file input30.pdb (PDB, C-alpha atoms)
ATOM      1  CA  MET A  71       0.000   0.000   0.000
ATOM      2  CA  ASN A  72       1.281   3.466  -0.912
ATOM      3  CA  ASP A  73       1.582   6.032   1.847
ATOM      4  CA  ARG A  74      -0.091   9.074   0.328
ATOM      5  CA  LEU A  75      -1.732  10.454  -2.792
ATOM      6  CA  ILE A  76      -1.967  14.202  -3.315
ATOM      7  CA  VAL A  77      -4.508  15.274  -5.901
ATOM      8  CA  ARG A  78      -4.098  18.907  -6.942
ATOM      9  CA  THR A  79      -6.922  20.530  -8.846
ATOM     10  CA  SER A  80      -7.616  23.945 -10.306
ATOM     11  CA  PRO A  81     -10.224  25.005 -12.886
ATOM     12  CA  THR A  82      -7.724  24.253 -15.673
ATOM     13  CA  GLN A  83      -5.235  21.725 -14.231
ATOM     14  CA  LEU A  84      -5.027  18.320 -12.587
ATOM     15  CA  SER A  85      -1.969  16.607 -11.155
ATOM     16  CA  PHE A  86      -1.226  13.601  -8.963
ATOM     17  CA  THR A  87       1.664  13.133  -6.553
ATOM     18  CA  VAL A  88       2.398   9.808  -4.861
ATOM     19  CA  VAL A  89       4.494   9.969  -1.683
ATOM     20  CA  ASN A  90       6.321   6.886  -0.404
ATOM     21  CA  PRO A  91       8.858   8.083   2.207
ATOM     22  CA  VAL A  92      10.119   4.548   2.939
ATOM     23  CA  THR A  93      10.975   3.991  -0.723
ATOM     24  CA  THR A  94      14.635   4.688  -1.426
ATOM     25  CA  ASP A  95      14.561   4.914  -5.214
ATOM     26  CA  ILE A  96      11.598   7.227  -5.983
ATOM     27  CA  PRO A  97      10.083   8.560  -2.735
ATOM     28  CA  VAL A  98       7.928  11.080  -4.613
ATOM     29  CA  SER A  99       6.362  10.596  -8.041
ATOM     30  CA  TYR A 100       4.688  13.585  -9.736
ATOM     31  CA  THR A 101       2.325  13.156 -12.694
ATOM     32  CA  PRO A 102       0.572  16.108 -14.347
ATOM     33  CA  TYR A 103      -2.567  15.266 -16.312
ATOM     34  CA  ASP A 104      -3.283  16.849 -19.692
ATOM     35  CA  ILE A 105      -6.904  17.937 -19.450
ATOM     36  CA  LYS A 106      -9.271  18.375 -22.361
ATOM     37  CA  ASN A 107     -10.714  21.877 -22.508
ATOM     38  CA  SER A 108     -13.742  20.607 -24.425
ATOM     39  CA  ILE A 109     -15.122  18.776 -21.385
ATOM     40  CA  SER A 110     -15.640  19.712 -17.740
ATOM     41  CA  ILE A 111     -13.025  19.289 -15.043
ATOM     42  CA  ALA A 112     -15.198  16.548 -13.488
ATOM     43  CA  ALA A 113     -15.306  14.678 -16.808
ATOM     44  CA  ASN A 114     -11.529  15.001 -17.052
ATOM     45  CA  MET A 115     -11.245  13.490 -13.581
ATOM     46  CA  ARG A 116     -13.419  10.557 -14.613
ATOM     47  CA  GLU A 117     -11.177   9.959 -17.625
ATOM     48  CA  ALA A 118      -8.100  10.170 -15.418
ATOM     49  CA  PHE A 119      -9.486   7.374 -13.246
ATOM     50  CA  ARG A 120      -9.915   5.262 -16.385
ATOM     51  CA  ASP A 121      -6.525   6.135 -17.909
ATOM     52  CA  MET A 122      -4.153   6.197 -14.917
ATOM     53  CA  PRO A 123      -3.460   2.940 -13.036
ATOM     54  CA  LEU A 124      -1.900   4.869 -10.122
ATOM     55  CA  LEU A 125      -5.351   6.222  -9.197
ATOM     56  CA  GLY A 126      -6.646   2.688  -8.704
ATOM     57  CA  GLU A 127      -4.045   1.766  -6.099
ATOM     58  CA  ASN A 128      -4.647   1.785  -2.349
ATOM     59  CA  TYR A 129      -3.443   4.732  -0.288
ATOM     60  CA  GLN A 130      -3.226   5.243   3.440
ATOM     61  CA  ARG A 131      -4.016   8.945   2.969
ATOM     62  CA  VAL A 132      -5.523  10.997   0.163
ATOM     63  CA  THR A 133      -5.186  14.768   0.180
ATOM     64  CA  VAL A 134      -6.994  16.990  -2.316
ATOM     65  CA  MET A 135      -5.420  20.423  -2.777
ATOM     66  CA  VAL A 136      -7.930  22.820  -4.319
ATOM     67  CA  ASP A 137      -6.407  25.796  -6.120
ATOM     68  CA  THR A 138      -9.263  28.294  -6.374
ATOM     69  CA  PRO A 139      -9.690  31.849  -5.022
ATOM     70  CA  ALA A 140     -10.075  32.054  -1.241
ATOM     71  CA  LEU A 141     -11.834  34.388   1.152
ATOM     72  CA  MET A 142     -10.152  35.086   4.497
ATOM     73  CA  VAL A 143     -12.318  35.311   7.604
ATOM     74  CA  PRO A 144     -10.966  36.080  11.105
ATOM     75  CA  VAL A 145     -11.352  33.076  13.414
ATOM     76  CA  SER A 146     -13.286  35.207  15.890
ATOM     77  CA  LEU A 147     -15.925  36.011  13.241
ATOM     78  CA  PHE A 148     -16.200  32.602  11.563
ATOM     79  CA  ASP A 149     -19.544  30.813  11.721
ATOM     80  CA  GLU A 150     -19.629  27.584   9.719
ATOM     81  CA  SER A 151     -23.386  27.875   9.191
ATOM     82  CA  GLU A 152     -22.835  31.146   7.313
ATOM     83  CA  LYS A 153     -19.897  30.077   5.139
ATOM     84  CA  ASP A 154     -21.931  29.547   1.959
ATOM     85  CA  THR A 155     -23.708  32.901   2.194
ATOM     86  CA  LEU A 156     -20.494  34.756   2.952
ATOM     87  CA  PHE A 157     -18.482  33.095   0.188
ATOM     88  CA  ARG A 158     -21.142  33.442  -2.503
ATOM     89  CA  HIS A 159     -21.517  37.121  -1.665
ATOM     90  CA  ALA A 160     -17.789  37.587  -2.369
ATOM     91  CA  PHE A 161     -17.757  35.191  -5.362
ATOM     92  CA  PRO A 162     -21.222  35.231  -7.017
ATOM     93  CA  SER A 163     -20.104  32.852  -9.781
ATOM     94  CA  SER A 164     -19.563  30.025  -7.262
ATOM     95  CA  THR A 165     -23.233  29.019  -6.986
ATOM     96  CA  GLN A 166     -22.577  25.602  -8.584
ATOM     97  CA  ASP A 167     -19.594  24.845  -6.346
ATOM     98  CA  THR A 168     -19.266  23.312  -2.907
ATOM     99  CA  VAL A 169     -17.874  25.753  -0.329
ATOM    100  CA  LEU A 170     -15.167  24.322   1.942
ATOM    101  CA  PHE A 171     -12.880  25.850   4.543
ATOM    102  CA  SER A 172      -9.389  25.443   5.992
ATOM    103  CA  VAL A 173      -8.695  26.655   9.523
ATOM    104  CA  LEU A 174      -5.328  28.412   9.887
ATOM    105  CA  PRO A 175      -4.889  28.772  13.658
ATOM    106  CA  ASP A 176      -1.335  30.084  13.390
ATOM    107  CA  LEU A 177      -2.697  32.964  11.271
ATOM    108  CA  SER A 178      -5.878  33.478  13.312
ATOM    109  CA  CYS A 179      -8.094  33.052  10.241
ATOM    110  CA  VAL A 180     -10.188  30.649   8.212
ATOM    111  CA  ALA A 181      -9.810  30.346   4.427
ATOM    112  CA  LEU A 182     -13.092  29.779   2.588
ATOM    113  CA  TYR A 183     -12.743  28.302  -0.906
ATOM    114  CA  SER A 184     -14.828  26.288  -3.350
ATOM    115  CA  VAL A 185     -14.500  23.132  -5.395
ATOM    116  CA  ASN A 186     -16.553  22.138  -8.406
ATOM    117  CA  ARG A 187     -19.492  20.148  -7.060
ATOM    118  CA  ASP A 188     -19.363  17.412  -9.716
ATOM    119  CA  LEU A 189     -15.593  17.075  -9.344
ATOM    120  CA  LYS A 190     -15.967  16.578  -5.590
ATOM    121  CA  MET A 191     -18.612  13.898  -6.165
ATOM    122  CA  VAL A 192     -16.223  12.026  -8.486
ATOM    123  CA  LEU A 193     -13.353  12.249  -5.998
ATOM    124  CA  ASP A 194     -15.507  11.307  -3.004
ATOM    125  CA  SER A 195     -16.882   8.247  -4.809
ATOM    126  CA  HIS A 196     -13.326   6.907  -5.220
ATOM    127  CA  TYR A 197     -11.703   8.338  -2.085
ATOM    128  CA  PRO A 198     -14.346   8.781   0.633
ATOM    129  CA  GLN A 199     -11.543   9.276   3.164
ATOM    130  CA  ALA A 200      -9.998  12.202   1.250
ATOM    131  CA  ILE A 201      -9.085  15.355   3.167
ATOM    132  CA  TYR A 202      -9.529  18.667   1.321
ATOM    133  CA  HIS A 203      -7.230  21.664   1.737
ATOM    134  CA  CYS A 204      -6.921  25.118   0.256
ATOM    135  CA  ALA A 205      -3.859  24.703  -1.986
ATOM    136  CA  ALA A 206      -2.222  27.973  -0.921
ATOM    137  CA  ALA A 207      -2.413  27.177   2.817
ATOM    138  CA  PRO A 208       1.047  25.499   3.063
ATOM    139  CA  VAL A 209       2.571  28.487   1.256
ATOM    140  CA  TRP A 210       0.945  31.001   3.595
ATOM    141  CA  ARG A 211       2.206  29.091   6.627
ATOM    142  CA  GLN A 212       5.716  28.697   5.274
ATOM    143  CA  LEU A 213       6.093  32.337   4.275
ATOM    144  CA  HIS A 214       4.536  33.487   7.535
ATOM    145  CA  SER A 215       7.309  31.681   9.417
ATOM    146  CA  ARG A 216       9.820  33.254   7.028
ATOM    147  CA  SER A 217       8.477  36.730   7.815
ATOM    148  CA  PHE A 218      10.045  36.556  11.288
ATOM    149  CA  MET A 219      13.552  36.371   9.810
ATOM    150  CA  GLY A 220      15.298  39.737  10.201
ATOM    151  CA  VAL A 221      13.792  43.112  11.055
ATOM    152  CA  ARG A 222      12.606  44.247   7.620
ATOM    153  CA  SER A 223       8.949  44.242   6.597
ATOM    154  CA  LYS A 224       8.235  41.721   3.845
ATOM    155  CA  LEU A 225       5.735  41.485   0.999
ATOM    156  CA  TYR A 226       5.162  38.171  -0.774
ATOM    157  CA  GLY A 227       3.967  37.319  -4.269
ATOM    158  CA  TYR A 228       2.902  33.756  -5.050
ATOM    159  CA  PHE A 229       2.277  32.897  -8.728
ATOM    160  CA  HIS A 230       0.022  29.916  -9.459
ATOM    161  CA  SER A 231      -2.739  28.899 -11.890
ATOM    162  CA  GLN A 232      -2.430  32.167 -13.844
ATOM    163  CA  ARG A 233      -3.036  34.155 -10.646
ATOM    164  CA  LEU A 234      -0.842  36.232  -8.382
ATOM    165  CA  ASP A 235      -1.508  36.148  -4.639
ATOM    166  CA  ILE A 236       0.015  39.119  -2.817
ATOM    167  CA  PHE A 237       0.160  39.072   0.963
ATOM    168  CA  SER A 238       2.042  40.248   4.020
ATOM    169  CA  PHE A 239       1.879  39.490   7.719
ATOM    170  CA  GLN A 240       1.811  41.401  10.952
ATOM    171  CA  GLN A 241       2.665  39.136  13.871
ATOM    172  CA  ASN A 242       0.222  36.187  13.772
ATOM    173  CA  ARG A 243      -2.228  37.436  11.179
ATOM    174  CA  PHE A 244      -2.500  38.686   7.627
ATOM    175  CA  LYS A 245      -1.831  42.380   7.200
ATOM    176  CA  PHE A 246      -2.819  42.186   3.519
ATOM    177  CA  CYS A 247      -4.039  39.372   1.283
ATOM    178  CA  ASN A 248      -5.497  39.631  -2.216
ATOM    179  CA  SER A 249      -5.434  37.725  -5.496
ATOM    180  CA  PHE A 250      -5.056  39.083  -9.031
ATOM    181  CA  ASP A 251      -5.590  37.375 -12.381
ATOM    182  CA  THR A 252      -2.426  37.842 -14.395
ATOM    183  CA  GLN A 253      -0.459  36.053 -17.100
ATOM    184  CA  ARG A 254       1.737  38.983 -18.163
ATOM    185  CA  ARG A 255       4.921  40.220 -16.562
ATOM    186  CA  ALA A 256       3.869  43.860 -16.868
ATOM    187  CA  ASP A 257       0.593  43.215 -15.043
ATOM    188  CA  ALA A 258       2.368  41.381 -12.236
ATOM    189  CA  ILE A 259       4.798  44.273 -11.751
ATOM    190  CA  TYR A 260       1.928  46.767 -11.673
ATOM    191  CA  PHE A 261       0.011  44.819  -9.005
ATOM    192  CA  LEU A 262       3.102  44.240  -6.853
ATOM    193  CA  LEU A 263       4.164  47.883  -6.906
ATOM    194  CA  TYR A 264       0.592  49.068  -6.341
ATOM    195  CA  VAL A 265       0.295  46.965  -3.157
ATOM    196  CA  TRP A 266       3.803  47.979  -2.091
ATOM    197  CA  ARG A 267       2.772  51.615  -2.263
ATOM    198  CA  GLN A 268      -0.590  50.926  -0.610
ATOM    199  CA  LEU A 269       1.190  49.391   2.393
ATOM    200  CA  ASN A 270       3.639  52.314   2.505
ATOM    201  CA  LEU A 271       6.674  50.026   2.383
ATOM    202  CA  SER A 272      10.183  51.425   2.044
ATOM    203  CA  GLN A 273      11.875  51.128  -1.372
ATOM    204  CA  GLU A 274      15.301  51.008   0.285
ATOM    205  CA  HIS A 275      14.682  49.058   3.463
ATOM    206  CA  ASP A 276      11.851  46.524   3.033
ATOM    207  CA  GLU A 277      11.789  43.267   1.050
ATOM    208  CA  LEU A 278       9.739  41.646  -1.713
ATOM    209  CA  HIS A 279       9.880  37.846  -2.094
ATOM    210  CA  LEU A 280       8.411  35.929  -5.054
ATOM    211  CA  ALA A 281       7.591  32.230  -5.386
ATOM    212  CA  GLY A 282       5.807  29.809  -7.686
ATOM    213  CA  GLU A 283       5.331  29.835 -11.458
ATOM    214  CA  ILE A 284       6.853  33.282 -12.061
ATOM    215  CA  PRO A 285       6.342  34.549 -15.628
ATOM    216  CA  GLU A 286       9.708  35.495 -17.141
ATOM    217  CA  GLY A 287      11.159  35.442 -13.644
ATOM    218  CA  ARG A 288      14.592  36.925 -14.325
ATOM    219  CA  GLN A 289      13.233  39.766 -16.454
ATOM    220  CA  LEU A 290      10.480  40.455 -13.933
ATOM    221  CA  LEU A 291      13.042  40.660 -11.124
ATOM    222  CA  ASP A 292      15.315  42.955 -13.146
ATOM    223  CA  GLU A 293      12.421  45.340 -13.768
ATOM    224  CA  LEU A 294      11.384  45.306 -10.115
ATOM    225  CA  HIS A 295      14.945  46.250  -9.135
ATOM    226  CA  GLN A 296      14.431  49.527 -10.977
ATOM    227  CA  TYR A 297      11.985  50.473  -8.208
ATOM    228  CA  LEU A 298      12.858  48.289  -5.204
ATOM    229  CA  ARG A 299      16.277  47.617  -3.798
ATOM    230  CA  ARG A 300      15.462  44.320  -2.112
ATOM    231  CA  ALA A 301      13.427  42.031  -4.413
ATOM    232  CA  TYR A 302      14.148  38.298  -4.481
ATOM    233  CA  ILE A 303      12.969  35.014  -5.989
ATOM    234  CA  ILE A 304      12.656  32.299  -3.359
ATOM    235  CA  ASN A 305      14.896  29.284  -4.020
ATOM    236  CA  PRO A 306      13.042  26.191  -2.716
ATOM    237  CA  SER A 307      16.197  24.071  -2.752
ATOM    238  CA  ALA A 308      17.975  26.478  -0.411
ATOM    239  CA  ASP A 309      14.877  26.960   1.768
ATOM    240  CA  TYR A 310      14.257  23.220   2.121
ATOM    241  CA  ASN A 311      17.833  22.062   2.764
ATOM    242  CA  ARG A 312      18.307  20.741  -0.775
ATOM    243  CA  SER A 313      15.480  18.243  -0.410
ATOM    244  CA  PRO A 314      15.230  15.935  -3.461
ATOM    245  CA  VAL A 315      11.579  16.975  -3.729
ATOM    246  CA  THR A 316      12.702  20.434  -4.873
ATOM    247  CA  GLN A 317      14.380  18.885  -7.924
ATOM    248  CA  ILE A 318      11.174  17.389  -9.355
ATOM    249  CA  GLU A 319      10.427  19.266 -12.556
ATOM    250  CA  GLY A 320       7.057  20.978 -12.618
ATOM    251  CA  LEU A 321       6.088  20.121  -9.037
ATOM    252  CA  PRO A 322       3.942  23.031  -7.768
ATOM    253  CA  TYR A 323       5.450  25.028  -4.924
ATOM    254  CA  ASP A 324       2.428  24.410  -2.691
ATOM    255  CA  VAL A 325       2.648  20.612  -3.121
ATOM    256  CA  MET A 326       6.402  20.776  -2.512
ATOM    257  CA  THR A 327       5.853  22.751   0.668
ATOM    258  CA  LEU A 328       3.149  20.365   1.877
ATOM    259  CA  ILE A 329       5.467  17.370   1.417
ATOM    260  CA  VAL A 330       8.581  18.950   2.952
ATOM    261  CA  LYS A 331       6.896  20.795   5.819
ATOM    262  CA  GLY A 332       4.148  18.276   6.426
ATOM    263  CA  ARG A 333       1.385  20.838   6.637
TER     264      ARG A 333
END
call {"tool": "encode", "arguments": {"input": "input30.pdb", "output": "structure tokens"}}
result
Amino acid sequence: MNDRLIVRTSPTQLSFTVVNPVTTDIPVSYTPYDIKNSISIAANMREAFRDMPLLGENYQRVTVMVDTPALMVPVSLFDESEKDTLFRHAFPSSTQDTVLFSVLPDLSCVALYSVNRDLKMVLDSHYPQAIYHCAAAPVWRQLHSRSFMGVRSKLYGYFHSQRLDIFSFQQNRFKFCNSFDTQRRADAIYFLLYVWRQLNLSQEHDELHLAGEIPEGRQLLDELHQYLRRAYIINPSADYNRSPVTQIEGLPYDVMTLIVKGR
């Protein structure tokens, strides 16, 4: 029996990661799935179950990481009975989705997010024991712990699924958190500098850190250095003590962080 299967889903992507820590040759196996845009994400998942033998194996744990926009709610104000109303008010297009939530006690908040209802039915029929998580949660936790390093204020940009999440922390809570649709380098620079200015950060003193699927990363960083002295791209290999997981081509940063940090 395999130890763990991580299913990562977004509106346009599916991938599967098998984790076997006791295996010495290939402890982690990552398999992206080429979806068909002509059919729904749930239909793609059904085809994946037919096409991929690894999905028919037995797993001790199944984790589903859902990469969709999230709404942050302070723990003190969260009422589970109101989650659907609150989320659909913020995201009116989510009426056909199932609203889920991830509690982030170390950040004093709850992340509300949604998963396609039909997709969840397909996954639950095969993996009734599956645990669902907001895909960005491991990244938030990791970068929150990183924010305590040094005395400079830090702003973070996380690129994933053609979106840019920009956030910063103040002690044990979010100071700012928002998500922007972007596929172009110029748009990403605009959003990052706009938030930087909004938070009144120092161009000389404070830091910007970027992670994930960064579009034209080196060029983007060079352009940011025209405005900010301290802008960096996070190196997962250095952050995670050269873990072999960081060398797997294409492995999303959030899945990598979940495996290495175990959360």
call {"tool": "resolve_selection", "arguments": {"input": "input30.pdb", "expression": "the PyMOL selection byres ((chain A and resi 314-329) around 6)", "output": "list in words"}}
result
Pro208, Val209, Gly282, Ser307, Ser313, Val330, Lys331, Gly332 and Arg333 of chain A
call {"tool": "residues_around", "arguments": {"input": "input30.pdb", "residues": "A:Ala160", "least_positions_apart": "4", "cutoff": "10 Å", "atoms": "only C-alpha atoms", "output": "list in words"}}
result
Ala140, Leu141, Thr155, Leu156 and Ser164 of chain A
call {"tool": "resolve_selection", "arguments": {"input": "input30.pdb", "expression": "the PyMOL selection byres ((chain A and resi 166-178) around 7)", "output": "number ranges by chain"}}
result
A: 144-145, 154, 164-165, 179-187, 203-204, 242-244
call {"tool": "atom_distance", "arguments": {"input": "input30.pdb", "atom1": "atom CA of A:Gln253", "atom2": "atom CA of A:Tyr310"}}
result
27.4 Å
call {"tool": "residues_around", "arguments": {"input": "input30.pdb", "residues": "A:Tyr202", "least_positions_apart": "6", "cutoff": "7 Å", "atoms": "only C-alpha atoms", "output": "list in words"}}
result
Thr133, Val134 and Met135 of chain A
call {"tool": "residues_near_point", "arguments": {"input": "input30.pdb", "point": "(2.4, 39.4, 5.8)", "cutoff": "8 Å", "atoms": "all atoms listed in the file", "output": "NGL selection string"}}
result
:A and (214 or 217 or 224-226 or 237-240 or 243-247)
call {"tool": "closest_residue", "arguments": {"input": "input30.pdb", "among": "A:Asn248, A:Arg233, A:His196, A:Gly287", "to": "A:Arg120", "atoms": "only C-alpha atoms"}}
result
A:His196
call {"tool": "closest_atom_pairs", "arguments": {"input": "input30.pdb", "of": "stretch 86-200 of chain A", "to": "stretch 229-232 of chain A", "cutoff": "12 Å", "atoms": "all atoms listed in the file", "output": "CSV"}}
result
residue,atom,partner,partner_atom,distance
A:Val136,CA,A:Ser231,CA,11.0
A:Asp137,CA,A:Ser231,CA,7.5
A:Thr138,CA,A:Ser231,CA,8.6
A:Pro139,CA,A:Ser231,CA,10.2
call {"tool": "atom_distance", "arguments": {"input": "input30.pdb", "atom1": "atom CA of A:Trp210", "atom2": "atom CA of A:Thr79"}}
result
18.1 Å
